[in-house]
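Participant: Next up is a structure, given as structure tokens.
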Amino acid sequence: MPRSHPLYRQLARVWRLSGRWLPNGWLDAIRQLILFAGAYYLYRLVRGFVDGEAGLAFENARTLVGVERSLGLFFEPSLQAWARGQSWILTWANWMYVNSHFVITTTFLIWLYIARNYAYYYVRNMFVVSMMLALAGYLVYPTAPPRFLPEWGFTDTVSNFVGEGASNTAGALYNPFAAVPNMHVAFALMIAVPGFFLVKNKFIKAFWVVYPFLITFVVMATANHFWMDAALGALTAAASACAASLAFARARPEAWAWRTT
């Protein structure tokens, strides 16, 4: 279609006008979308490989149980038993486990890109590094979640909540043998800490303070992770922040450094 064609001019005009509410226009927004979509499909490819490591994944899960028991900190069965006795808490936890990535994390990233674009690229780099670290963890140490260990008193509450078929396809990070590291906690930290510093409303700040703790409770109450998985997720978030600060930010400080204004 030649540029002089009326339809081309009209489409170009719509493109320009619709891109005005985006900080860097549609091309940059599409580039960011492709980046996250690429990470998602890479995760799916790795999941296909890890799914074949069921025996090793169960062995590694039982090793974690042994470590926690030796430390006297194997409290997850009691925690889930308590949550099962509070139906509204368990319903909330199941919903949060399935939806928090897509409702809270995605909403925050969209808000960050549009309203605090100067901080977006630092957070984006943290996410990219964390997903690469997670993929390495899934390959090196595939681990079955507690919900696959009923002999220890665990119940698969998420499958009971959404159905077994839906639970196994609930999203990029709902991987049968991807318990280590726990990316629910990693993602929660990587949005909560920037969110705390970037918002002004004291009630929203308070929410970001408690959000990682809520997610940590959610992943254990639903028997999808041990507390050690959550701790390793927190370490993944910390390592990603270090990489974003010490590597990416130094490479392009004008674009990738952390800033609040």
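Identifiers in the structure tokens: chain A, B, ... in order shown; residue index from 1 per chain; ligand index from 1 in order shown.
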What's the 8 Å shell around Tyr113 (chain A), counting only C-alpha atoms, without same-chain residues fewer than 5 positions away, as a JSON list (two decimals) with C-alpha atoms, in the first residue's frame?
Facilitator:
```json
[["chain", "number", "residue", "atom", "x", "y", "z"],
["A", 23, "PRO", "CA", 6.12, 6.81, 27.13],
["A", 119, "ALA", "CA", 12.22, 2.70, 36.63],
["A", 120, "TYR", "CA", 10.70, 0.09, 34.33]]
```
Participant: Hey, which of A:Ala243, A:Ala144, A:Pro176, A:Ile114 ends up closest to Trp26 (chain A)? Count only C-alpha atoms.
Facilitator: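 Residue with the minimum atom-to-atom distance to Trp26 (chain A): A:Ile114.
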Participant: Could you work out how far CA of Ile89 (chain A) lies from CA of Met183 (chain A), giving the answer in Å with one decimal?
Facilitator: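 One can read the CA of Met183 (chain A) to CA of Ile89 (chain A) distance as 21.6 Å.
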Participant: Which one is closest to Ala136 (chain A): A:Phe187, A:Ala192, A:Ser70, A:Val180? Count only C-alpha atoms.
Facilitator: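 Going through A:Phe187, A:Ala192, A:Ser70, A:Val180 one by one, the smallest distance to Ala136 (chain A) is for A:Val180.
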Participant: Just want the 7 Å neighbourhood of region 226-238 of chain A, counted on only C-alpha atoms, with same-chain residues fewer than 5 positions away dropped. Output as a short mmCIF file (atom, residue, chain, number, x, y, z; two decimals) with N, CA and C atoms, in the first residue's frame.
Facilitator:
```cif
data_model
loop_
_atom_site.label_atom_id
_atom_site.label_comp_id
_atom_site.auth_asym_id
_atom_site.auth_seq_id
_atom_site.Cartn_x
_atom_site.Cartn_y
_atom_site.Cartn_z
N GLU A 76 5.34 -27.26 57.20
CA GLU A 76 4.37 -27.03 56.12
C GLU A 76 3.11 -27.90 56.24
N SER A 130 16.18 -13.09 36.60
CA SER A 130 15.57 -14.08 37.51
C SER A 130 15.01 -15.27 36.75
N PRO A 146 5.33 -30.08 47.27
CA PRO A 146 4.76 -30.86 48.38
C PRO A 146 3.43 -31.52 48.03
N ALA A 179 9.80 -26.51 41.46
CA ALA A 179 9.59 -25.93 42.79
C ALA A 179 10.77 -25.11 43.26
N VAL A 180 11.94 -25.35 42.71
CA VAL A 180 13.16 -24.66 43.15
C VAL A 180 13.81 -23.93 41.98
N PRO A 181 13.95 -22.61 42.06
CA PRO A 181 13.49 -21.73 43.13
C PRO A 181 12.01 -21.37 42.97
N ASN A 182 11.43 -20.83 44.02
CA ASN A 182 10.03 -20.44 44.00
C ASN A 182 9.90 -19.05 43.40
N MET A 183 9.39 -18.99 42.16
CA MET A 183 9.33 -17.71 41.47
C MET A 183 8.13 -16.87 41.88
N VAL A 185 7.51 -16.14 44.98
CA VAL A 185 8.12 -15.26 45.98
C VAL A 185 9.12 -14.31 45.31
N ALA A 186 9.90 -14.81 44.36
CA ALA A 186 10.86 -13.96 43.67
C ALA A 186 10.15 -12.80 42.96
N LEU A 189 8.77 -10.18 45.43
CA LEU A 189 9.79 -9.26 45.93
C LEU A 189 10.21 -8.26 44.87
N MET A 190 10.29 -8.71 43.63
CA MET A 190 10.79 -7.84 42.57
C MET A 190 9.78 -6.77 42.15
N THR A 216 4.34 -15.82 50.24
CA THR A 216 5.06 -16.92 50.89
C THR A 216 4.08 -17.83 51.62
N MET A 220 2.90 -22.00 50.50
CA MET A 220 3.00 -23.11 51.45
C MET A 220 1.62 -23.65 51.83
#
```
Participant: Hey, could you make a per-residue contact list for region 220-244 of chain A against region 77-86 of chain A with 8 Å as the cut-off, showing the nearest pair of atoms and its distance in Å to one decimal, counting only C-alpha atoms, sorted by chain and number, as CSV?
Facilitator:
```
residue,atom,partner,partner_atom,distance
A:Met220,CA,A:Gln80,CA,7.0
A:Ala221,CA,A:Gln80,CA,4.5
A:Thr222,CA,A:Gln80,CA,6.7
A:Ala223,CA,A:Gln80,CA,6.9
```
Participant: Set the distance at 12 Å and use only C-alpha atoms: which residues neighbour Phe207 (chain A) once local chain neighbours fewer than 2 positions away are removed? I'd like the list as an NGL selection string.
Facilitator: :A and (104 or 188 or 191-193 or 195-196 or 199 or 201-205 or 209-215)
Participant: Identify which of the residues A:Met126, A:Leu149, A:Leu139, A:Leu71 lies closest to Glu59 (chain A), counting only C-alpha atoms when measuring atom-to-atom distances.
Facilitator: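 Of A:Met126, A:Leu149, A:Leu139, A:Leu71, the one nearest Glu59 (chain A), counting only C-alpha atoms, is A:Leu149.
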Participant: Could you check how far CA of Pro142 (chain A) sits from CA of Ala178 (chain A), in Å to one decimal?
Facilitator: 5.9 Å
Participant: Calculate how many Å separate CA of Met132 (chain A) from CA of Thr157 (chain A), rounding to one decimal.
Facilitator: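 Those two atoms sit 28.8 Å apart.
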Participant: Please report, as a ChimeraX atom specification, each residue of region 73-103 of chain A to which DSSP assigns alpha helix (DSSP H) when run on this structure's backbone.
Facilitator: /A:76-84,87-100
Participant: Write the residues you've just listed into a file as a CSV table (one decimal), in the first residue's frame, and include N, CA and C atoms for each of them.
Facilitator:
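Now in result_39.csv:
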```csv
chain,number,residue,atom,x,y,z
A,76,GLU,N,5.3,-27.3,57.2
A,76,GLU,CA,4.4,-27.0,56.1
A,76,GLU,C,3.1,-27.9,56.2
A,77,PRO,N,3.2,-29.2,56.6
A,77,PRO,CA,2.0,-30.0,56.8
A,77,PRO,C,1.0,-29.4,57.8
A,78,SER,N,1.5,-28.9,58.9
A,78,SER,CA,0.7,-28.3,60.0
A,78,SER,C,0.1,-27.0,59.5
A,79,LEU,N,0.9,-26.2,58.7
A,79,LEU,CA,0.4,-25.0,58.2
A,79,LEU,C,-0.8,-25.2,57.2
A,80,GLN,N,-0.6,-26.2,56.3
A,80,GLN,CA,-1.7,-26.5,55.4
A,80,GLN,C,-2.9,-27.0,56.1
A,81,ALA,N,-2.7,-27.9,57.1
A,81,ALA,CA,-3.8,-28.4,57.9
A,81,ALA,C,-4.6,-27.3,58.5
A,82,TRP,N,-3.9,-26.3,59.0
A,82,TRP,CA,-4.6,-25.2,59.6
A,82,TRP,C,-5.4,-24.4,58.6
A,83,ALA,N,-4.8,-24.2,57.4
A,83,ALA,CA,-5.5,-23.5,56.3
A,83,ALA,C,-6.7,-24.2,55.8
A,84,ARG,N,-6.6,-25.5,55.8
A,84,ARG,CA,-7.8,-26.3,55.3
A,84,ARG,C,-8.9,-26.2,56.3
A,87,SER,N,-11.9,-22.3,55.5
A,87,SER,CA,-12.2,-22.5,54.1
A,87,SER,C,-12.0,-21.2,53.3
A,88,TRP,N,-12.3,-20.0,53.9
A,88,TRP,CA,-12.1,-18.8,53.2
A,88,TRP,C,-10.7,-18.5,52.9
A,89,ILE,N,-9.8,-18.8,53.9
A,89,ILE,CA,-8.4,-18.6,53.7
A,89,ILE,C,-7.8,-19.5,52.6
A,90,LEU,N,-8.2,-20.7,52.6
A,90,LEU,CA,-7.8,-21.7,51.6
A,90,LEU,C,-8.3,-21.3,50.2
A,91,THR,N,-9.5,-20.8,50.1
A,91,THR,CA,-10.0,-20.4,48.8
A,91,THR,C,-9.3,-19.2,48.3
A,92,TRP,N,-9.0,-18.2,49.2
A,92,TRP,CA,-8.2,-17.1,48.8
A,92,TRP,C,-6.8,-17.5,48.4
A,93,ALA,N,-6.2,-18.4,49.1
A,93,ALA,CA,-4.8,-18.8,48.8
A,93,ALA,C,-4.8,-19.5,47.5
A,94,ASN,N,-5.7,-20.4,47.2
A,94,ASN,CA,-5.8,-21.0,45.9
A,94,ASN,C,-5.9,-20.0,44.8
A,95,TRP,N,-6.8,-19.1,44.9
A,95,TRP,CA,-7.0,-18.0,43.9
A,95,TRP,C,-5.8,-17.2,43.7
A,96,MET,N,-5.1,-16.9,44.8
A,96,MET,CA,-3.9,-16.1,44.7
A,96,MET,C,-2.8,-16.9,44.0
A,97,TYR,N,-2.7,-18.1,44.3
A,97,TYR,CA,-1.6,-18.9,43.7
A,97,TYR,C,-1.8,-19.0,42.2
A,98,VAL,N,-3.0,-19.2,41.7
A,98,VAL,CA,-3.2,-19.3,40.3
A,98,VAL,C,-3.2,-18.0,39.6
A,99,ASN,N,-3.6,-16.9,40.2
A,99,ASN,CA,-3.9,-15.7,39.5
A,99,ASN,C,-2.9,-14.5,39.8
A,100,SER,N,-2.1,-14.6,40.9
A,100,SER,CA,-1.4,-13.4,41.3
A,100,SER,C,-0.4,-13.0,40.3
```
Participant: Which one of A:Phe108, A:Tyr121, A:Trp256, A:Phe177 sits closest to Asn60 (chain A) if you count only C-alpha atoms?
Facilitator: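 So, comparing all the options, the nearest one is A:Phe177.
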